[in-house]
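Text of target_13.txt, listed as compact mmCIF, C-alpha atoms:
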# COMPACT_ATOMS: atom_id res chain seq x y z
CA MET S 984 2.90 -3.40 -4.24
CA ASN S 985 6.10 -1.66 -3.19
CA ALA S 986 6.95 1.90 -4.18
CA GLN S 987 9.85 0.46 -6.21
CA ASN S 988 7.33 -1.19 -8.58
CA LEU S 989 5.67 2.08 -9.61
CA SER S 990 5.98 3.06 -13.26
CA ILE S 991 7.64 6.36 -12.35
CA PHE S 992 10.71 4.34 -11.29
CA HIS S 993 10.92 2.36 -14.53
CA GLY S 994 14.50 1.94 -15.72
CA LEU S 995 16.09 2.80 -12.37
CA SER S 996 18.22 0.49 -10.26
CA ASP S 997 17.24 -0.31 -6.67
CA GLU S 998 19.92 2.11 -5.48
CA GLU S 999 18.64 4.90 -7.73
CA ILE S 1000 15.07 4.27 -6.56
CA GLU S 1001 16.12 4.59 -2.94
CA LYS S 1002 17.96 7.82 -3.74
CA SER S 1003 14.90 9.11 -5.61
CA LEU S 1004 12.64 8.42 -2.65
CA HIS S 1005 15.05 10.21 -0.37
CA CYS S 1006 15.55 13.07 -2.83
CA SER S 1007 11.81 13.54 -3.35
CA ARG S 1008 11.03 13.50 0.37
CA GLY S 1009 8.31 11.06 -0.55
CA LYS S 1010 6.69 9.13 2.24
CA VAL S 1011 4.44 6.10 2.47
CA ILE S 1012 1.23 6.78 4.37
CA SER S 1013 -1.59 4.50 5.49
CA VAL S 1014 -5.18 5.68 5.16
CA PRO S 1015 -7.98 3.74 6.90
CA LYS S 1016 -11.07 2.69 4.97
CA GLY S 1017 -13.55 5.55 4.61
CA GLN S 1018 -11.09 8.31 5.49
CA PHE S 1019 -10.55 11.26 3.16
CA ILE S 1020 -7.06 11.73 1.73
CA TYR S 1021 -8.08 15.24 0.77
CA ARG S 1022 -11.37 17.05 0.48
CA GLN S 1023 -12.73 19.14 -2.32
CA GLU S 1024 -11.22 22.63 -2.27
CA ASP S 1025 -8.27 21.58 -0.04
CA GLU S 1026 -5.00 23.13 -1.21
CA PRO S 1027 -3.07 20.81 -3.58
CA THR S 1028 0.46 20.23 -2.31
CA ARG S 1029 1.31 16.60 -3.10
CA LEU S 1030 1.01 13.90 -5.75
CA TYR S 1031 -0.25 10.48 -4.66
CA PHE S 1032 0.36 6.93 -5.90
CA VAL S 1033 -1.72 3.94 -4.80
CA LEU S 1034 0.46 1.15 -3.41
CA GLU S 1035 -2.32 -0.94 -1.90
CA GLY S 1036 -6.09 -0.65 -1.63
CA SER S 1037 -8.48 1.53 -3.62
CA VAL S 1038 -9.24 5.25 -3.78
CA GLU S 1039 -12.49 6.90 -4.81
CA LEU S 1040 -12.40 10.24 -6.58
CA GLY S 1041 -15.65 12.19 -6.50
CA SER S 1042 -17.22 15.61 -6.28
CA CYS S 1043 -19.84 17.31 -4.18
CA ASN S 1044 -22.18 19.86 -5.77
CA ALA S 1045 -23.80 22.91 -4.16
CA LEU S 1046 -26.73 20.78 -2.94
CA GLY S 1047 -24.39 18.36 -1.18
CA ARG S 1048 -24.90 15.53 -3.67
CA LEU S 1049 -21.85 13.27 -4.04
CA THR S 1050 -20.88 11.92 -7.45
CA ARG S 1051 -18.26 9.22 -7.90
CA ILE S 1052 -15.90 10.10 -10.75
CA ARG S 1053 -13.41 7.24 -10.76
CA VAL S 1054 -11.99 4.42 -8.66
CA LEU S 1055 -8.20 4.03 -8.61
CA HIS S 1056 -6.23 0.88 -7.88
CA GLU S 1057 -2.62 -0.20 -7.34
CA GLY S 1058 -0.06 1.70 -9.40
CA GLU S 1059 -2.33 4.60 -10.34
CA CYS S 1060 -1.67 8.22 -9.41
CA PHE S 1061 -4.00 11.09 -8.61
CA GLY S 1062 -3.99 14.75 -7.62
CA GLU S 1063 -1.78 15.81 -10.51
CA THR S 1064 -4.22 18.05 -12.40
CA GLU S 1065 -4.74 20.64 -9.69
CA LEU S 1066 -1.16 20.29 -8.45
CA PHE S 1067 0.52 21.16 -11.75
CA LEU S 1068 -2.07 23.73 -12.73
CA ALA S 1069 -1.34 25.49 -9.42
CA SER S 1070 -5.05 25.48 -8.58
CA SER S 1071 -6.12 27.00 -5.30
CA GLY S 1072 -8.11 23.89 -4.41
CA TYR S 1073 -8.94 20.37 -5.55
CA SER S 1074 -11.96 20.04 -7.84
CA SER S 1075 -12.79 16.66 -6.31
CA TYR S 1076 -12.29 14.70 -3.12
CA ALA S 1077 -10.19 11.55 -2.67
CA LYS S 1078 -11.31 8.90 -0.17
CA ALA S 1079 -9.97 5.45 0.71
CA ILE S 1080 -12.47 2.73 -0.17
CA LEU S 1081 -10.34 0.08 1.54
CA ASN S 1082 -7.47 0.30 3.98
CA THR S 1083 -4.99 1.94 1.64
CA ARG S 1084 -1.27 2.64 1.40
CA LEU S 1085 -0.06 5.60 -0.64
CA LEU S 1086 3.23 7.09 -1.75
CA SER S 1087 2.93 10.84 -1.22
CA VAL S 1088 5.38 13.11 -3.08
CA PRO S 1089 5.56 16.92 -2.68
CA GLU S 1090 5.20 19.08 -5.78
CA GLU S 1091 8.69 20.62 -5.39
CA PHE S 1092 10.27 17.37 -6.55
CA PHE S 1093 8.81 17.75 -10.04
CA GLY S 1094 9.93 21.33 -10.55
CA GLY S 1095 13.27 20.34 -12.07
CA GLN S 1096 16.54 18.74 -11.04
CA CYS S 1097 17.41 18.72 -7.38
CA GLU S 1098 20.34 20.65 -5.95
CA ARG S 1099 22.60 17.62 -6.50
CA CYS S 1100 21.59 17.39 -10.20
CA CYS S 1101 20.80 13.68 -9.81
CA MET S 1102 20.35 11.82 -13.10
CA HIS S 1103 17.76 9.57 -11.48
CA HIS S 1104 15.73 12.66 -10.63
CA SER S 1105 15.52 13.53 -14.32
CA ARG S 1106 14.52 9.96 -15.14
CA VAL S 1107 11.65 10.04 -12.62
CA VAL S 1108 10.36 13.32 -14.05
CA TYR S 1109 10.54 11.84 -17.57
CA ASN S 1110 8.63 8.75 -16.41
CA MET S 1111 5.98 11.01 -14.92
CA LEU S 1112 5.41 12.53 -18.36
CA HIS S 1113 4.82 9.01 -19.66
CA VAL S 1114 2.32 8.35 -16.85
CA PHE S 1115 0.44 11.55 -17.71
CA ALA S 1116 0.42 10.61 -21.39
CA GLU S 1117 -1.10 7.21 -20.57
CA LYS S 1118 -3.80 8.86 -18.46
CA SER S 1119 -4.55 11.27 -21.29
CA GLU S 1120 -4.85 8.36 -23.71
CA GLN S 1121 -7.27 6.61 -21.36
CA ASP S 1122 -9.38 9.76 -21.08
CA ASN S 1123 -9.42 10.14 -24.87
CA ARG S 1124 -10.45 6.52 -25.20
CA GLN S 1125 -13.34 7.05 -22.80
CA ILE S 1126 -14.46 10.12 -24.77
CA ASP S 1127 -14.40 8.06 -27.97
CA LEU S 1128 -16.54 5.39 -26.32
CA LEU S 1129 -19.06 7.89 -25.01
CA THR S 1130 -19.55 9.41 -28.46
CA LEU S 1131 -20.34 6.10 -30.16
CA GLY S 1132 -24.07 6.22 -29.53
CA ASN S 1133 -26.02 3.56 -27.68
CA LEU S 1134 -24.89 1.34 -24.83
CA ARG S 1135 -24.68 -1.78 -27.01
CA GLN S 1136 -22.13 -0.05 -29.25
CA ARG S 1137 -20.13 1.22 -26.29
CA ILE S 1138 -19.91 -2.27 -24.81
CA ALA S 1139 -18.84 -3.71 -28.18
CA ALA S 1140 -16.16 -1.05 -28.60
CA PHE S 1141 -14.90 -1.57 -25.06
CA LEU S 1142 -14.57 -5.35 -25.43
CA LEU S 1143 -12.85 -5.14 -28.81
CA GLU S 1144 -10.42 -2.53 -27.51
CA GLU S 1145 -9.61 -4.67 -24.46
CA GLN S 1146 -8.96 -7.59 -26.79
CA ARG S 1147 -6.66 -5.44 -28.93
CA LYS S 1148 -4.74 -4.19 -25.89
CA ALA S 1149 -4.20 -7.74 -24.61
CA GLY S 1150 -2.60 -8.58 -27.96
CA THR S 1151 -2.98 -12.32 -27.48
CA GLY S 1152 -5.89 -12.99 -29.81
CA SER S 1153 -7.78 -14.51 -26.89
CA ARG S 1154 -11.55 -14.28 -26.92
CA ILE S 1155 -11.62 -14.07 -23.12
CA ILE S 1156 -11.56 -10.50 -21.78
CA HIS S 1157 -10.22 -10.12 -18.25
CA LEU S 1158 -11.88 -7.10 -16.66
CA THR S 1159 -9.95 -4.85 -14.30
CA LEU S 1160 -13.11 -2.89 -13.47
CA ASN S 1161 -16.04 -4.22 -11.45
CA ARG S 1162 -19.57 -3.78 -12.78
CA GLU S 1163 -20.15 -0.49 -11.00
CA GLU S 1164 -16.85 0.96 -12.26
CA LEU S 1165 -17.47 -0.30 -15.79
CA ALA S 1166 -20.94 1.23 -15.77
CA ALA S 1167 -19.48 4.58 -14.75
CA PHE S 1168 -16.80 4.27 -17.45
CA LEU S 1169 -19.47 3.63 -20.09
CA ASN S 1170 -21.68 6.42 -18.72
CA THR S 1171 -24.60 4.24 -17.70
CA THR S 1172 -26.09 2.69 -14.57
CA ARG S 1173 -25.11 -0.70 -13.22
CA PRO S 1174 -28.62 -2.21 -13.76
CA SER S 1175 -28.67 -0.96 -17.37
CA LEU S 1176 -25.22 -2.42 -18.00
CA SER S 1177 -26.21 -5.79 -16.50
CA ARG S 1178 -29.40 -5.95 -18.57
CA MET S 1179 -27.55 -5.14 -21.79
CA LEU S 1180 -24.81 -7.71 -21.10
CA LEU S 1181 -27.46 -10.39 -20.48
CA GLN S 1182 -29.29 -9.39 -23.65
CA MET S 1183 -26.08 -9.54 -25.72
CA GLN S 1184 -25.37 -12.95 -24.19
CA GLU S 1185 -28.84 -14.19 -25.20
CA GLU S 1186 -28.13 -12.95 -28.74
CA GLY S 1187 -24.90 -14.96 -28.81
CA LEU S 1188 -22.59 -11.94 -29.08
CA LEU S 1189 -20.75 -12.69 -25.84
CA ARG S 1190 -20.68 -15.04 -22.86
CA LEU S 1191 -20.47 -13.95 -19.24
CA VAL S 1192 -17.83 -16.37 -17.95
CA SER S 1193 -17.56 -14.80 -14.49
CA ARG S 1194 -17.86 -11.39 -12.86
CA SER S 1195 -14.37 -10.55 -14.10
CA GLN S 1196 -14.32 -12.39 -17.43
CA ILE S 1197 -16.32 -11.98 -20.65
CA GLU S 1198 -15.87 -14.15 -23.72
CA ILE S 1199 -16.34 -12.63 -27.17
CA THR S 1200 -18.32 -15.27 -29.07
CA GLN S 1201 -19.18 -13.31 -32.23
CA GLU S 1202 -16.32 -10.93 -32.95
CA GLN S 1203 -17.44 -9.99 -36.45
CA GLU S 1204 -20.93 -9.09 -35.21
CA LEU S 1205 -19.42 -6.81 -32.57
CA HIS S 1206 -17.38 -5.09 -35.29
CA ALA S 1207 -20.56 -4.75 -37.35
CA LEU S 1208 -22.24 -2.87 -34.50
CA LEU S 1209 -19.60 -0.14 -34.88

Would you give me this structure, written as structure tokens?
Amino acid sequence: MNAQNLSIFHGLSDEEIEKSLHCSRGKVISVPKGQFIYRQEDEPTRLYFVLEGSVELGSCNALGRLTRIRVLHEGECFGETELFLASSGYSSYAKAILNTRLLSVPEEFFGGQCERCCMHHSRVVYNMLHVFAEKSEQDNRQIDLLTLGNLRQRIAAFLLEEQRKAGTGSRIIHLTLNREELAAFLNTTRPSLSRMLLQMQEEGLLRLVSRSQIEITQEQELHALL
């Protein structure tokens, strides 16, 4: 995707987007597969948006064990927590899983209006608040899922919520997460997730159409699980 398609530029004309990019001193950078964008405890100075590729966020404990926290895809941002809390260092690392393009924006841009008092600057900052609110909602949703109880209930809640978000009434759920990412989201292992999905398919609750599609075959039974 192009930087102009990012949600932070929603409602701006092409001319205003170009001015915003110039005003923000944002730059598009390319990061090869496997390279770190920043390491844990590096000083936070910039906010990043994924234009192409995928980014892994993870942490390293005192014993050197790496734990993947989240995988980010096109349009998503990262690095904001430590940046806006003025932390001395990142609490996690960010690494390119694929060859990746990023929009990198320095923190000074979000501190208020620029010296020219550009209206588009204010709009971008407002859009950023919306982006943060969406991320907070997603985190709250994950917390709700993780407090439901067993894995079967978490899967049911996830599928029903995805159906609600699609708003089409379709029984086919199009997954944006791969199995490994979905397992991490539901706080389980990939083998456990696969076994439970197969078991729920055998029970007629769902049908595994493909690796990225699941059909809800017994919606009322899924509701009953909750």

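Using all atoms listed in the file, the shortest contact distance between Leu1158 (chain S) and any of S:Leu1004, S:Ile1012, S:Ala1045, S:Ile1197 is found at S:Ile1197.
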
Choose the residue, out of S:Arg1147, S:His1157, S:His1005, S:Arg1124, that has the smallest atom-to-atom separation from Leu1191 (chain S); count all atoms listed in the file.
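Closest candidate: S:His1157.
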
Select all residues near (-16.1, 23.0, -6.3) (cut-off 9 Å, inclusive, file coordinates), counting all atoms listed in the file, and output them as a PyMOL selection string.
chain S and resi 1023-1024+1042-1045+1072-1075

May I have the residues at most 7 Å from (-13.1, 1.3, 2.9) in the file's coordinates, counting all atoms listed in the file, as a CSV table (one decimal) with C-alpha atoms, in the frame of the given file?
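In the end it all went to result-v6.csv:
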chain,number,residue,atom,x,y,z
S,1015,PRO,CA,-8.0,3.7,6.9
S,1016,LYS,CA,-11.1,2.7,5.0
S,1017,GLY,CA,-13.6,5.6,4.6
S,1079,ALA,CA,-10.0,5.4,0.7
S,1080,ILE,CA,-12.5,2.7,-0.2
S,1081,LEU,CA,-10.3,0.1,1.5
S,1082,ASN,CA,-7.5,0.3,4.0

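Between CA of Lys1118 (chain S) and CA of Gly1036 (chain S) the interatomic distance comes to 19.5 Å.
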
Could you pull region 1036-1050 of chain S out of the structure I just pasted and write it to a file containing N, CA and C atoms, as a PDB file, in the first residue's frame?
ATOM      1  N   GLY S1036       4.578  -5.854   3.720  1.00  0.00           N
ATOM      2  CA  GLY S1036       5.308  -6.854   4.484  1.00  0.00           C
ATOM      3  C   GLY S1036       4.671  -7.124   5.828  1.00  0.00           C
ATOM      4  N   SER S1037       5.441  -7.688   6.744  1.00  0.00           N
ATOM      5  CA  SER S1037       4.955  -8.028   8.086  1.00  0.00           C
ATOM      6  C   SER S1037       6.038  -7.764   9.114  1.00  0.00           C
ATOM      7  N   VAL S1038       5.600  -7.382  10.309  1.00  0.00           N
ATOM      8  CA  VAL S1038       6.530  -7.059  11.399  1.00  0.00           C
ATOM      9  C   VAL S1038       6.170  -7.883  12.628  1.00  0.00           C
ATOM     10  N   GLU S1039       7.175  -8.484  13.223  1.00  0.00           N
ATOM     11  CA  GLU S1039       6.981  -9.241  14.465  1.00  0.00           C
ATOM     12  C   GLU S1039       7.374  -8.395  15.647  1.00  0.00           C
ATOM     13  N   LEU S1040       6.472  -8.300  16.634  1.00  0.00           N
ATOM     14  CA  LEU S1040       6.798  -7.678  17.903  1.00  0.00           C
ATOM     15  C   LEU S1040       7.014  -8.790  18.921  1.00  0.00           C
ATOM     16  N   GLY S1041       8.062  -8.695  19.706  1.00  0.00           N
ATOM     17  CA  GLY S1041       8.352  -9.731  20.681  1.00  0.00           C
ATOM     18  C   GLY S1041       9.222  -9.191  21.789  1.00  0.00           C
ATOM     19  N   SER S1042       9.475 -10.035  22.770  1.00  0.00           N
ATOM     20  CA  SER S1042      10.299  -9.624  23.903  1.00  0.00           C
ATOM     21  C   SER S1042      11.316 -10.710  24.220  1.00  0.00           C
ATOM     22  N   CYS S1043      12.352 -10.308  24.904  1.00  0.00           N
ATOM     23  CA  CYS S1043      13.410 -11.223  25.306  1.00  0.00           C
ATOM     24  C   CYS S1043      13.570 -11.116  26.821  1.00  0.00           C
ATOM     25  N   ASN S1044      13.440 -12.253  27.531  1.00  0.00           N
ATOM     26  CA  ASN S1044      13.558 -12.195  28.984  1.00  0.00           C
ATOM     27  C   ASN S1044      15.014 -12.293  29.424  1.00  0.00           C
ATOM     28  N   ALA S1045      15.230 -12.313  30.741  1.00  0.00           N
ATOM     29  CA  ALA S1045      16.590 -12.298  31.281  1.00  0.00           C
ATOM     30  C   ALA S1045      17.390 -13.536  30.895  1.00  0.00           C
ATOM     31  N   LEU S1046      16.693 -14.626  30.562  1.00  0.00           N
ATOM     32  CA  LEU S1046      17.375 -15.864  30.176  1.00  0.00           C
ATOM     33  C   LEU S1046      17.626 -15.940  28.677  1.00  0.00           C
ATOM     34  N   GLY S1047      17.220 -14.880  27.968  1.00  0.00           N
ATOM     35  CA  GLY S1047      17.438 -14.847  26.524  1.00  0.00           C
ATOM     36  C   GLY S1047      16.360 -15.522  25.708  1.00  0.00           C
ATOM     37  N   ARG S1048      15.253 -15.895  26.349  1.00  0.00           N
ATOM     38  CA  ARG S1048      14.161 -16.552  25.635  1.00  0.00           C
ATOM     39  C   ARG S1048      13.303 -15.515  24.920  1.00  0.00           C
ATOM     40  N   LEU S1049      13.062 -15.736  23.613  1.00  0.00           N
ATOM     41  CA  LEU S1049      12.257 -14.814  22.817  1.00  0.00           C
ATOM     42  C   LEU S1049      10.798 -15.247  22.825  1.00  0.00           C
ATOM     43  N   THR S1050       9.908 -14.290  22.988  1.00  0.00           N
ATOM     44  CA  THR S1050       8.468 -14.546  22.963  1.00  0.00           C
ATOM     45  C   THR S1050       7.814 -13.620  21.962  1.00  0.00           C
TER      46      THR S1050
END
